[in-house]
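Source file protein.pdb; content: PDB, C-alpha atoms and all ligand atoms.
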```
ATOM      1  CA  MET C   1     100.792 135.926  93.514  1.00  0.00           C
ATOM      2  CA  SER C   2      99.126 133.064  95.362  1.00  0.00           C
ATOM      3  CA  SER C   3      95.477 132.167  94.870  1.00  0.00           C
ATOM      4  CA  PRO C   4      93.148 130.516  97.418  1.00  0.00           C
ATOM      5  CA  ASP C   5      93.357 127.388  95.226  1.00  0.00           C
ATOM      6  CA  ASP C   6      97.062 127.066  96.083  1.00  0.00           C
ATOM      7  CA  PHE C   7      96.103 126.116  99.674  1.00  0.00           C
ATOM      8  CA  ALA C   8      93.309 123.694  98.771  1.00  0.00           C
ATOM      9  CA  PRO C   9      93.782 119.949  98.267  1.00  0.00           C
ATOM     10  CA  PRO C  10      94.728 119.092  94.655  1.00  0.00           C
ATOM     11  CA  PRO C  11      91.607 119.235  92.419  1.00  0.00           C
ATOM     12  CA  ILE C  12      92.164 115.670  91.204  1.00  0.00           C
ATOM     13  CA  PRO C  13      91.103 112.337  92.758  1.00  0.00           C
ATOM     14  CA  ALA C  14      93.036 111.480  95.920  1.00  0.00           C
ATOM     15  CA  PRO C  15      94.671 108.052  95.903  1.00  0.00           C
ATOM     16  CA  THR C  16      92.650 105.501  97.846  1.00  0.00           C
ATOM     17  CA  ALA C  17      93.280 101.972  99.065  1.00  0.00           C
ATOM     18  CA  ASP C  18      89.530 101.521  99.648  1.00  0.00           C
ATOM     19  CA  LEU C  19      87.631 100.059  96.696  1.00  0.00           C
ATOM     20  CA  THR C  20      84.286 101.082  98.198  1.00  0.00           C
ATOM     21  CA  SER C  21      84.962 104.812  97.862  1.00  0.00           C
ATOM     22  CA  GLY C  22      86.665 107.171  95.452  1.00  0.00           C
ATOM     23  CA  PRO C  23      87.046 106.689  91.723  1.00  0.00           C
ATOM     24  CA  PRO C  24      86.318 103.243  90.216  1.00  0.00           C
ATOM     25  CA  LEU C  25      89.330 101.029  89.711  1.00  0.00           C
ATOM     26  CA  HIS C  26      90.574 101.269  86.120  1.00  0.00           C
ATOM     27  CA  ASP C  27      89.822  98.105  84.092  1.00  0.00           C
ATOM     28  CA  ALA C  28      93.547  97.671  83.401  1.00  0.00           C
ATOM     29  CA  CYS C  29      94.057  97.120  87.142  1.00  0.00           C
ATOM     30  CA  LEU C  30      91.515  94.291  87.452  1.00  0.00           C
ATOM     31  CA  PRO C  31      94.260  91.584  87.501  1.00  0.00           C
ATOM     32  CA  LEU C  32      95.581  93.383  90.623  1.00  0.00           C
ATOM     33  CA  ARG C  33      92.220  94.161  92.213  1.00  0.00           C
ATOM     34  CA  ALA C  34      92.672  91.738  95.148  1.00  0.00           C
ATOM     35  CA  LEU C  35      95.891  93.510  96.150  1.00  0.00           C
ATOM     36  CA  VAL C  36      94.329  96.949  96.603  1.00  0.00           C
ATOM     37  CA  GLY C  37      94.121  97.748 100.311  1.00  0.00           C
ATOM     38  CA  VAL C  38      96.147  98.150 103.467  1.00  0.00           C
ATOM     39  CA  TRP C  39      97.854  94.956 104.593  1.00  0.00           C
ATOM     40  CA  ARG C  40      99.750  94.361 107.791  1.00  0.00           C
ATOM     41  CA  GLY C  41     101.518  91.384 109.298  1.00  0.00           C
ATOM     42  CA  ARG C  42     104.708  89.734 110.367  1.00  0.00           C
ATOM     43  CA  GLY C  43     107.548  87.954 108.695  1.00  0.00           C
ATOM     44  CA  GLU C  44     111.029  86.601 108.930  1.00  0.00           C
ATOM     45  CA  VAL C  45     114.187  87.873 107.245  1.00  0.00           C
ATOM     46  CA  ASP C  46     117.403  85.962 106.778  1.00  0.00           C
ATOM     47  CA  TYR C  47     120.346  85.711 104.375  1.00  0.00           C
ATOM     48  CA  PRO C  48     123.584  83.719 104.396  1.00  0.00           C
ATOM     49  CA  THR C  49     125.590  86.904 105.091  1.00  0.00           C
ATOM     50  CA  ILE C  50     123.546  88.182 108.043  1.00  0.00           C
ATOM     51  CA  ASP C  51     123.236  87.104 111.628  1.00  0.00           C
ATOM     52  CA  GLY C  52     119.553  86.104 111.279  1.00  0.00           C
ATOM     53  CA  PRO C  53     116.846  85.103 111.226  1.00  0.00           C
ATOM     54  CA  TYR C  54     115.169  88.293 112.417  1.00  0.00           C
ATOM     55  CA  ARG C  55     111.453  88.888 112.823  1.00  0.00           C
ATOM     56  CA  PHE C  56     109.788  91.927 111.386  1.00  0.00           C
ATOM     57  CA  GLY C  57     106.444  93.637 110.987  1.00  0.00           C
ATOM     58  CA  GLN C  58     105.324  95.163 107.689  1.00  0.00           C
ATOM     59  CA  GLN C  59     102.551  97.372 106.378  1.00  0.00           C
ATOM     60  CA  LEU C  60     101.824  97.323 102.654  1.00  0.00           C
ATOM     61  CA  THR C  61      99.493  99.903 101.109  1.00  0.00           C
ATOM     62  CA  ILE C  62      98.326  99.507  97.517  1.00  0.00           C
ATOM     63  CA  SER C  63      96.179 102.370  96.297  1.00  0.00           C
ATOM     64  CA  HIS C  64      94.866 103.892  93.058  1.00  0.00           C
ATOM     65  CA  ASP C  65      93.391 107.120  91.706  1.00  0.00           C
ATOM     66  CA  GLY C  66      91.304 105.642  88.883  1.00  0.00           C
ATOM     67  CA  ARG C  67      94.122 105.615  86.342  1.00  0.00           C
ATOM     68  CA  PRO C  68      95.685 102.400  84.918  1.00  0.00           C
ATOM     69  CA  PHE C  69      98.353 101.923  87.588  1.00  0.00           C
ATOM     70  CA  LEU C  70      98.584 101.274  91.341  1.00  0.00           C
ATOM     71  CA  ARG C  71     100.715 102.997  93.944  1.00  0.00           C
ATOM     72  CA  HIS C  72     102.776 100.710  96.182  1.00  0.00           C
ATOM     73  CA  GLU C  73     104.238 101.551  99.583  1.00  0.00           C
ATOM     74  CA  ALA C  74     105.660  99.087 102.113  1.00  0.00           C
ATOM     75  CA  ARG C  75     107.265  99.891 105.451  1.00  0.00           C
ATOM     76  CA  ALA C  76     108.879  97.334 107.749  1.00  0.00           C
ATOM     77  CA  TRP C  77     110.148  97.298 111.321  1.00  0.00           C
ATOM     78  CA  LEU C  78     112.286  94.755 113.153  1.00  0.00           C
ATOM     79  CA  LEU C  79     110.803  92.916 116.132  1.00  0.00           C
ATOM     80  CA  ASP C  80     112.445  91.145 119.051  1.00  0.00           C
ATOM     81  CA  ALA C  81     111.552  87.608 120.135  1.00  0.00           C
ATOM     82  CA  GLU C  82     108.664  88.963 122.258  1.00  0.00           C
ATOM     83  CA  GLY C  83     107.271  90.997 119.355  1.00  0.00           C
ATOM     84  CA  ALA C  84     108.438  94.401 120.658  1.00  0.00           C
ATOM     85  CA  VAL C  85     109.578  96.925 118.039  1.00  0.00           C
ATOM     86  CA  LEU C  86     113.374  97.196 117.761  1.00  0.00           C
ATOM     87  CA  ARG C  87     113.731  99.738 114.925  1.00  0.00           C
ATOM     88  CA  PRO C  88     112.386 100.825 111.534  1.00  0.00           C
ATOM     89  CA  ALA C  89     113.685  98.724 108.617  1.00  0.00           C
ATOM     90  CA  ALA C  90     112.960  98.532 104.861  1.00  0.00           C
ATOM     91  CA  TRP C  91     110.809 101.214 103.165  1.00  0.00           C
ATOM     92  CA  GLU C  92     109.942 101.031  99.480  1.00  0.00           C
ATOM     93  CA  THR C  93     107.618 102.951  97.197  1.00  0.00           C
ATOM     94  CA  GLY C  94     106.647 102.371  93.613  1.00  0.00           C
ATOM     95  CA  TRP C  95     104.143 101.726  90.890  1.00  0.00           C
ATOM     96  CA  TRP C  96     102.385  98.673  89.453  1.00  0.00           C
ATOM     97  CA  ARG C  97     101.740  99.172  85.713  1.00  0.00           C
ATOM     98  CA  PRO C  98      99.603  96.325  84.333  1.00  0.00           C
ATOM     99  CA  GLN C  99      99.844  96.026  80.550  1.00  0.00           C
ATOM    100  CA  PRO C 100      97.191  94.913  78.001  1.00  0.00           C
ATOM    101  CA  ASP C 101      99.157  91.720  77.161  1.00  0.00           C
ATOM    102  CA  GLY C 102      98.975  90.607  80.817  1.00  0.00           C
ATOM    103  CA  THR C 103     102.504  91.657  81.710  1.00  0.00           C
ATOM    104  CA  LEU C 104     102.941  93.391  85.055  1.00  0.00           C
ATOM    105  CA  GLU C 105     105.532  96.118  85.350  1.00  0.00           C
ATOM    106  CA  LEU C 106     106.564  97.005  88.904  1.00  0.00           C
ATOM    107  CA  LEU C 107     108.911  99.911  89.608  1.00  0.00           C
ATOM    108  CA  LEU C 108     110.291 100.050  93.156  1.00  0.00           C
ATOM    109  CA  SER C 109     112.511 102.591  94.861  1.00  0.00           C
ATOM    110  CA  HIS C 110     114.218 101.682  98.152  1.00  0.00           C
ATOM    111  CA  ILE C 111     115.630 103.924 100.892  1.00  0.00           C
ATOM    112  CA  THR C 112     118.910 102.029 100.543  1.00  0.00           C
ATOM    113  CA  GLY C 113     119.787 103.622  97.178  1.00  0.00           C
ATOM    114  CA  ILE C 114     118.363 100.830  95.042  1.00  0.00           C
ATOM    115  CA  GLN C 115     115.836 101.175  92.214  1.00  0.00           C
ATOM    116  CA  GLU C 116     114.314  98.140  90.563  1.00  0.00           C
ATOM    117  CA  LEU C 117     112.228  97.297  87.517  1.00  0.00           C
ATOM    118  CA  PHE C 118     110.337  94.016  87.854  1.00  0.00           C
ATOM    119  CA  TYR C 119     108.343  92.226  85.168  1.00  0.00           C
ATOM    120  CA  GLY C 120     105.798  89.604  86.077  1.00  0.00           C
ATOM    121  CA  ARG C 121     102.373  88.120  85.548  1.00  0.00           C
ATOM    122  CA  ALA C 122      99.180  87.613  87.496  1.00  0.00           C
ATOM    123  CA  ALA C 123      98.016  84.032  87.911  1.00  0.00           C
ATOM    124  CA  ASP C 124      95.063  82.824  89.989  1.00  0.00           C
ATOM    125  CA  GLN C 125      95.386  84.983  93.137  1.00  0.00           C
ATOM    126  CA  ARG C 126      99.169  84.929  92.687  1.00  0.00           C
ATOM    127  CA  TRP C 127     101.516  87.625  91.398  1.00  0.00           C
ATOM    128  CA  GLU C 128     105.106  86.692  90.547  1.00  0.00           C
ATOM    129  CA  LEU C 129     107.779  89.142  89.486  1.00  0.00           C
ATOM    130  CA  THR C 130     111.457  89.067  88.591  1.00  0.00           C
ATOM    131  CA  THR C 131     113.819  92.008  88.241  1.00  0.00           C
ATOM    132  CA  ASP C 132     114.819  93.066  84.751  1.00  0.00           C
ATOM    133  CA  SER C 133     117.173  95.747  86.012  1.00  0.00           C
ATOM    134  CA  VAL C 134     118.542  97.080  89.290  1.00  0.00           C
ATOM    135  CA  VAL C 135     120.112 100.523  89.571  1.00  0.00           C
ATOM    136  CA  ARG C 136     122.306 101.341  92.582  1.00  0.00           C
ATOM    137  CA  THR C 137     123.677 104.614  93.901  1.00  0.00           C
ATOM    138  CA  ALA C 138     127.437 104.720  94.480  1.00  0.00           C
ATOM    139  CA  THR C 139     126.910 104.022  98.187  1.00  0.00           C
ATOM    140  CA  ALA C 140     124.308 101.236  97.856  1.00  0.00           C
ATOM    141  CA  LYS C 141     124.988  97.590  98.632  1.00  0.00           C
ATOM    142  CA  ASP C 142     125.670  95.235  95.737  1.00  0.00           C
ATOM    143  CA  VAL C 143     122.086  94.132  94.997  1.00  0.00           C
ATOM    144  CA  ARG C 144     121.909  92.322  91.627  1.00  0.00           C
ATOM    145  CA  ALA C 145     118.459  90.733  91.198  1.00  0.00           C
ATOM    146  CA  ALA C 146     115.282  89.660  92.957  1.00  0.00           C
ATOM    147  CA  GLN C 147     112.258  87.409  92.619  1.00  0.00           C
ATOM    148  CA  ARG C 148     109.153  88.494  94.475  1.00  0.00           C
ATOM    149  CA  SER C 149     105.751  86.861  94.902  1.00  0.00           C
ATOM    150  CA  TYR C 150     102.451  87.754  96.508  1.00  0.00           C
ATOM    151  CA  ALA C 151      99.837  85.000  96.865  1.00  0.00           C
ATOM    152  CA  LEU C 152      96.379  85.233  98.374  1.00  0.00           C
ATOM    153  CA  THR C 153      95.462  82.150 100.379  1.00  0.00           C
ATOM    154  CA  GLU C 154      91.921  80.790 100.737  1.00  0.00           C
ATOM    155  CA  ASP C 155      91.680  82.314 104.224  1.00  0.00           C
ATOM    156  CA  GLY C 156      92.512  85.766 102.857  1.00  0.00           C
ATOM    157  CA  VAL C 157      96.153  85.966 103.957  1.00  0.00           C
ATOM    158  CA  LEU C 158      98.580  87.640 101.563  1.00  0.00           C
ATOM    159  CA  ASP C 159     101.775  85.574 101.507  1.00  0.00           C
ATOM    160  CA  TYR C 160     104.785  87.643 100.468  1.00  0.00           C
ATOM    161  CA  ALA C 161     108.169  86.092  99.634  1.00  0.00           C
ATOM    162  CA  GLU C 162     111.352  87.466  98.177  1.00  0.00           C
ATOM    163  CA  HIS C 163     114.556  85.853  96.947  1.00  0.00           C
ATOM    164  CA  ARG C 164     117.558  88.047  96.271  1.00  0.00           C
ATOM    165  CA  ALA C 165     120.951  87.831  94.595  1.00  0.00           C
ATOM    166  CA  MET C 166     123.198  90.295  96.397  1.00  0.00           C
ATOM    167  CA  VAL C 167     126.556  90.852  98.098  1.00  0.00           C
ATOM    168  CA  GLY C 168     128.123  87.940  96.195  1.00  0.00           C
ATOM    169  CA  VAL C 169     125.363  85.402  96.946  1.00  0.00           C
ATOM    170  CA  THR C 170     123.222  83.837  94.180  1.00  0.00           C
ATOM    171  CA  MET C 171     119.387  83.960  94.275  1.00  0.00           C
ATOM    172  CA  THR C 172     118.551  82.985  97.880  1.00  0.00           C
ATOM    173  CA  PRO C 173     115.502  83.596 100.137  1.00  0.00           C
ATOM    174  CA  HIS C 174     115.666  86.904 102.051  1.00  0.00           C
ATOM    175  CA  VAL C 175     112.143  87.726 103.238  1.00  0.00           C
ATOM    176  CA  THR C 176     108.833  85.980 103.879  1.00  0.00           C
ATOM    177  CA  ALA C 177     105.744  87.505 105.495  1.00  0.00           C
ATOM    178  CA  ARG C 178     102.055  86.837 106.055  1.00  0.00           C
ATOM    179  CA  LEU C 179      99.945  89.962 105.697  1.00  0.00           C
ATOM    180  CA  HIS C 180      96.319  90.489 106.731  1.00  0.00           C
ATOM    181  CA  ARG C 181      93.932  92.977 105.206  1.00  0.00           C
ATOM    182  CA  THR C 182      93.240  95.876 107.603  1.00  0.00           C
ATOM    183  CA  SER C 183      91.060  97.813 105.157  1.00  0.00           C
TER     184      SER C 183
HETATM  185  C1  LIG M 201     110.568  93.491 104.624  1.00  0.00           C
HETATM  186  C2  LIG M 201     111.641  93.798 103.926  1.00  0.00           C
HETATM  187  C3  LIG M 201     113.048  93.664 104.461  1.00  0.00           C
HETATM  188  C4  LIG M 201     113.508  93.508 105.738  1.00  0.00           C
HETATM  189  C5  LIG M 201     112.695  93.438 107.012  1.00  0.00           C
HETATM  190  C6  LIG M 201     114.954  93.406 105.660  1.00  0.00           C
HETATM  191  C7  LIG M 201     115.779  93.238 106.746  1.00  0.00           C
HETATM  192  C8  LIG M 201     117.149  93.104 106.679  1.00  0.00           C
HETATM  193  C9  LIG M 201     118.009  92.919 107.812  1.00  0.00           C
HETATM  194  C10 LIG M 201     117.553  92.858 109.259  1.00  0.00           C
HETATM  195  C11 LIG M 201     119.264  92.822 107.350  1.00  0.00           C
HETATM  196  C12 LIG M 201     120.530  92.624 108.182  1.00  0.00           C
HETATM  197  C13 LIG M 201     121.307  93.905 108.283  1.00  0.00           C
HETATM  198  C14 LIG M 201     120.561  94.891 109.122  1.00  0.00           C
HETATM  199  O1  LIG M 201     120.336  94.657 110.313  1.00  0.00           O
HETATM  200  O2  LIG M 201     120.130  95.914 108.550  1.00  0.00           O
HETATM  201  C15 LIG M 201     119.194  92.965 105.919  1.00  0.00           C
HETATM  202  C16 LIG M 201     120.282  92.941 105.087  1.00  0.00           C
HETATM  203  C17 LIG M 201     120.237  93.274 103.769  1.00  0.00           C
HETATM  204  N1  LIG M 201     119.108  93.479 103.004  1.00  0.00           N
HETATM  205 FE1  LIG M 201     117.226  93.377 103.629  1.00  0.00          FE
HETATM  206  N2  LIG M 201     115.328  93.514 104.353  1.00  0.00           N
HETATM  207  C18 LIG M 201     114.209  93.684 103.599  1.00  0.00           C
HETATM  208  C19 LIG M 201     114.147  93.876 102.240  1.00  0.00           C
HETATM  209  C20 LIG M 201     115.251  94.091 101.448  1.00  0.00           C
HETATM  210  C21 LIG M 201     115.200  94.574 100.081  1.00  0.00           C
HETATM  211  C22 LIG M 201     113.902  94.925  99.344  1.00  0.00           C
HETATM  212  C23 LIG M 201     116.486  94.679  99.651  1.00  0.00           C
HETATM  213  C24 LIG M 201     117.012  95.143  98.333  1.00  0.00           C
HETATM  214  C25 LIG M 201     116.420  96.080  97.597  1.00  0.00           C
HETATM  215  C26 LIG M 201     117.340  94.239 100.742  1.00  0.00           C
HETATM  216  C27 LIG M 201     118.701  94.186 100.694  1.00  0.00           C
HETATM  217  C28 LIG M 201     119.508  93.854 101.768  1.00  0.00           C
HETATM  218  C29 LIG M 201     120.964  93.874 101.697  1.00  0.00           C
HETATM  219  C30 LIG M 201     121.817  94.242 100.479  1.00  0.00           C
HETATM  220  C31 LIG M 201     121.415  93.498 102.951  1.00  0.00           C
HETATM  221  C32 LIG M 201     122.868  93.402 103.410  1.00  0.00           C
HETATM  222  C33 LIG M 201     123.444  92.027 103.239  1.00  0.00           C
HETATM  223  C34 LIG M 201     124.893  92.039 103.680  1.00  0.00           C
HETATM  224  O3  LIG M 201     125.567  93.059 103.517  1.00  0.00           O
HETATM  225  O4  LIG M 201     125.321  91.009 104.188  1.00  0.00           O
HETATM  226  N3  LIG M 201     116.556  93.891 101.806  1.00  0.00           N
HETATM  227  N4  LIG M 201     117.899  93.107 105.518  1.00  0.00           N
END
```
Hey, can you dump this file as structure tokens for me?
Amino acid sequence: MSSPDDFAPPPIPAPTADLTSGPPLHDACLPLRALVGVWRGRGEVDYPTIDGPYRFGQQLTISHDGRPFLRHEARAWLLDAEGAVLRPAAWETGWWRPQPDGTLELLLSHITGIQELFYGRAADQRWELTTDSVVRTATAKDVRAAQRSYALTEDGVLDYAEHRAMVGVTMTPHVTARLHRTS
């Protein structure tokens, strides 16, 4: 038997990337407060094994529902030299779990069959993380480890950079991007 409630939105706070509405941000998330929002921008991707560099666009959404974690979603698309969209690229979702001792836990799941657990710390407007473990499906590429950073510049740009050890190459830059707050 269905009830009218089954067709209503869930009776719990909806996740929001807007700090001016919805539930207050949980105190545990204060070290990550500046990241909450919708960010969009452009970057460059390269690696010794690929025929790069390529340009890409990315949108990063970091939202919360008042509990002591943040939801993370980033989608990317490749661009040609004129800035036209070539095709969808990376898509990752996950959770930031700030801990009382200042440690950041970041769990990320990628469309490419990779799941990662990062540990890191928040510094002054800078968040640096390194993988503790990487799990791969049988068909995934040989991704071993990553170092990721987000840094907020004085002019409000979120600089994102990622080094990766994968496909037989040691820790080497893969992605950099400059993201602007859209909300
Ligand atoms: C904004 C984020 C990213 C973008 C735009 C991006 C883009 C690319 C591009 C364009 C390539 C060349 C092959 C192709 O055309 O698909 C590539 C290769 C690759 N990327 Fe990324 N990537 C991103 C993030 C990641 C992440 C998060 C991982 C790991 C979880 C990853 C792992 C790889 C691997 C394993 C390869 C293949 C290398 C090889 O086989 O030579 N990338 N990436």
Exercise for review: Take the PyMOL selection byres (((chain C and resi 117) around 6) and not hetatm), apply it to the structure above, and return the hits as a PyMOL selection string.
Suggested key: chain C and resi 106-107+116+118+131-133
Take the residues just selected and output them with C-alpha atoms as a compact mmCIF listing (two decimals), in the frame of the given file.
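This went into result-v8.txt:
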```
# COMPACT_ATOMS: atom_id res chain seq x y z
CA LEU C 106 106.56 97.00 88.90
CA LEU C 107 108.91 99.91 89.61
CA GLU C 116 114.31 98.14 90.56
CA PHE C 118 110.34 94.02 87.85
CA THR C 131 113.82 92.01 88.24
CA ASP C 132 114.82 93.07 84.75
CA SER C 133 117.17 95.75 86.01
```
What are the centre and edge lengths in Å, to one decimal, of the axis-aligned box around all listed atoms of segment 165-175 of chain C with 5 Å added on each side, as lines of an AutoDock Vina configuration file?
```
center_x = 120.1
center_y = 86.9
center_z = 98.7
size_x = 26.0
size_y = 17.9
size_z = 19.1
```
Could you list the protein, DNA and RNA residues that have any atom within 7 Å of ligand LIG 201 (chain M), counting all atoms listed in the file, and write them as a CSV table (one decimal) with C-alpha atoms, in the coordinates of the input?
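Output file selection34.csv is given in full below:
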```csv
chain,number,residue,atom,x,y,z
C,45,VAL,CA,114.2,87.9,107.2
C,49,THR,CA,125.6,86.9,105.1
C,50,ILE,CA,123.5,88.2,108.0
C,54,TYR,CA,115.2,88.3,112.4
C,56,PHE,CA,109.8,91.9,111.4
C,58,GLN,CA,105.3,95.2,107.7
C,76,ALA,CA,108.9,97.3,107.7
C,77,TRP,CA,110.1,97.3,111.3
C,78,LEU,CA,112.3,94.8,113.2
C,89,ALA,CA,113.7,98.7,108.6
C,90,ALA,CA,113.0,98.5,104.9
C,110,HIS,CA,114.2,101.7,98.2
C,114,ILE,CA,118.4,100.8,95.0
C,141,LYS,CA,125.0,97.6,98.6
C,142,ASP,CA,125.7,95.2,95.7
C,143,VAL,CA,122.1,94.1,95.0
C,166,MET,CA,123.2,90.3,96.4
C,167,VAL,CA,126.6,90.9,98.1
C,174,HIS,CA,115.7,86.9,102.1
C,175,VAL,CA,112.1,87.7,103.2
```
**Study point:** Nearest-residue call for Gly113 of chain C, choices C:Thr20, C:Ser183, C:Thr170, C:Thr137, using all atoms listed in the file
**Key:**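 Once distances to Gly113 of chain C are computed over all atoms listed in the file, the minimum belongs to C:Thr137.
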Exercise for review: Can you give me, as a list in words, the residues this file yields under the PyMOL selection byres (((chain C and resi 26-33) around 9) and not hetatm)?
Suggested key: Leu19, Pro23, Pro24, Leu25, Ala34, Leu35, Val36, His64, Asp65, Gly66, Arg67, Pro68, Phe69, Leu70, Trp96, Arg97, Pro98, Gln99, Pro100, Gly102, Ala122, Ala123, Gln125 and Trp127 of chain C
Review point. Atom CA of Glu92 of chain C to atom CA of Ala8 of chain C: how many Å, to one decimal?
Key: 28.1 Å
**Study point:** Atomic separation - atom CA of Ala17 of chain C relative to atom CA of Thr182 of chain C, Å
**Key:** 10.5 Å
Just add N, CA and C atoms to segment 62-83 of chain C and send it as a compact mmCIF listing (two decimals), in the frame of the given file.
```txt
# COMPACT_ATOMS: atom_id res chain seq x y z
N ILE C 62 98.45 99.46 98.97
CA ILE C 62 98.33 99.51 97.52
C ILE C 62 97.07 100.30 97.19
N SER C 63 97.28 101.43 96.52
CA SER C 63 96.18 102.37 96.30
C SER C 63 96.10 102.75 94.82
N HIS C 64 95.06 103.50 94.47
CA HIS C 64 94.87 103.89 93.06
C HIS C 64 94.14 105.22 93.01
N ASP C 65 94.17 105.88 91.87
CA ASP C 65 93.39 107.12 91.71
C ASP C 65 92.50 107.05 90.47
N GLY C 66 92.21 105.82 90.03
CA GLY C 66 91.30 105.64 88.88
C GLY C 66 92.04 105.51 87.56
N ARG C 67 93.34 105.76 87.57
CA ARG C 67 94.12 105.62 86.34
C ARG C 67 94.71 104.19 86.27
N PRO C 68 95.32 103.82 85.13
CA PRO C 68 95.68 102.40 84.92
C PRO C 68 97.01 101.98 85.57
N PHE C 69 97.18 102.36 86.83
CA PHE C 69 98.35 101.92 87.59
C PHE C 69 97.99 101.93 89.06
N LEU C 70 98.79 101.28 89.89
CA LEU C 70 98.58 101.27 91.34
C LEU C 70 99.82 101.84 92.02
N ARG C 71 99.59 102.51 93.14
CA ARG C 71 100.72 103.00 93.94
C ARG C 71 101.03 101.96 95.00
N HIS C 72 102.32 101.74 95.24
CA HIS C 72 102.78 100.71 96.18
C HIS C 72 103.64 101.38 97.25
N GLU C 73 103.34 101.09 98.52
CA GLU C 73 104.24 101.55 99.58
C GLU C 73 104.30 100.48 100.65
N ALA C 74 105.51 100.08 101.04
CA ALA C 74 105.66 99.09 102.11
C ALA C 74 106.70 99.58 103.10
N ARG C 75 106.33 99.53 104.38
CA ARG C 75 107.26 99.89 105.45
C ARG C 75 107.40 98.69 106.38
N ALA C 76 108.63 98.48 106.86
CA ALA C 76 108.88 97.33 107.75
C ALA C 76 109.61 97.80 109.01
N TRP C 77 109.47 96.99 110.07
CA TRP C 77 110.15 97.30 111.32
C TRP C 77 110.59 95.97 111.94
N LEU C 78 111.77 95.99 112.54
CA LEU C 78 112.29 94.76 113.15
C LEU C 78 111.66 94.56 114.52
N LEU C 79 111.44 93.28 114.86
CA LEU C 79 110.80 92.92 116.13
C LEU C 79 111.75 92.03 116.93
N ASP C 80 111.66 92.10 118.25
CA ASP C 80 112.44 91.14 119.05
C ASP C 80 111.63 89.87 119.25
N ALA C 81 112.20 88.92 119.99
CA ALA C 81 111.55 87.61 120.14
C ALA C 81 110.18 87.72 120.79
N GLU C 82 109.97 88.78 121.59
CA GLU C 82 108.66 88.96 122.26
C GLU C 82 107.69 89.78 121.40
N GLY C 83 108.15 90.22 120.23
CA GLY C 83 107.27 91.00 119.36
C GLY C 83 107.35 92.50 119.58
```
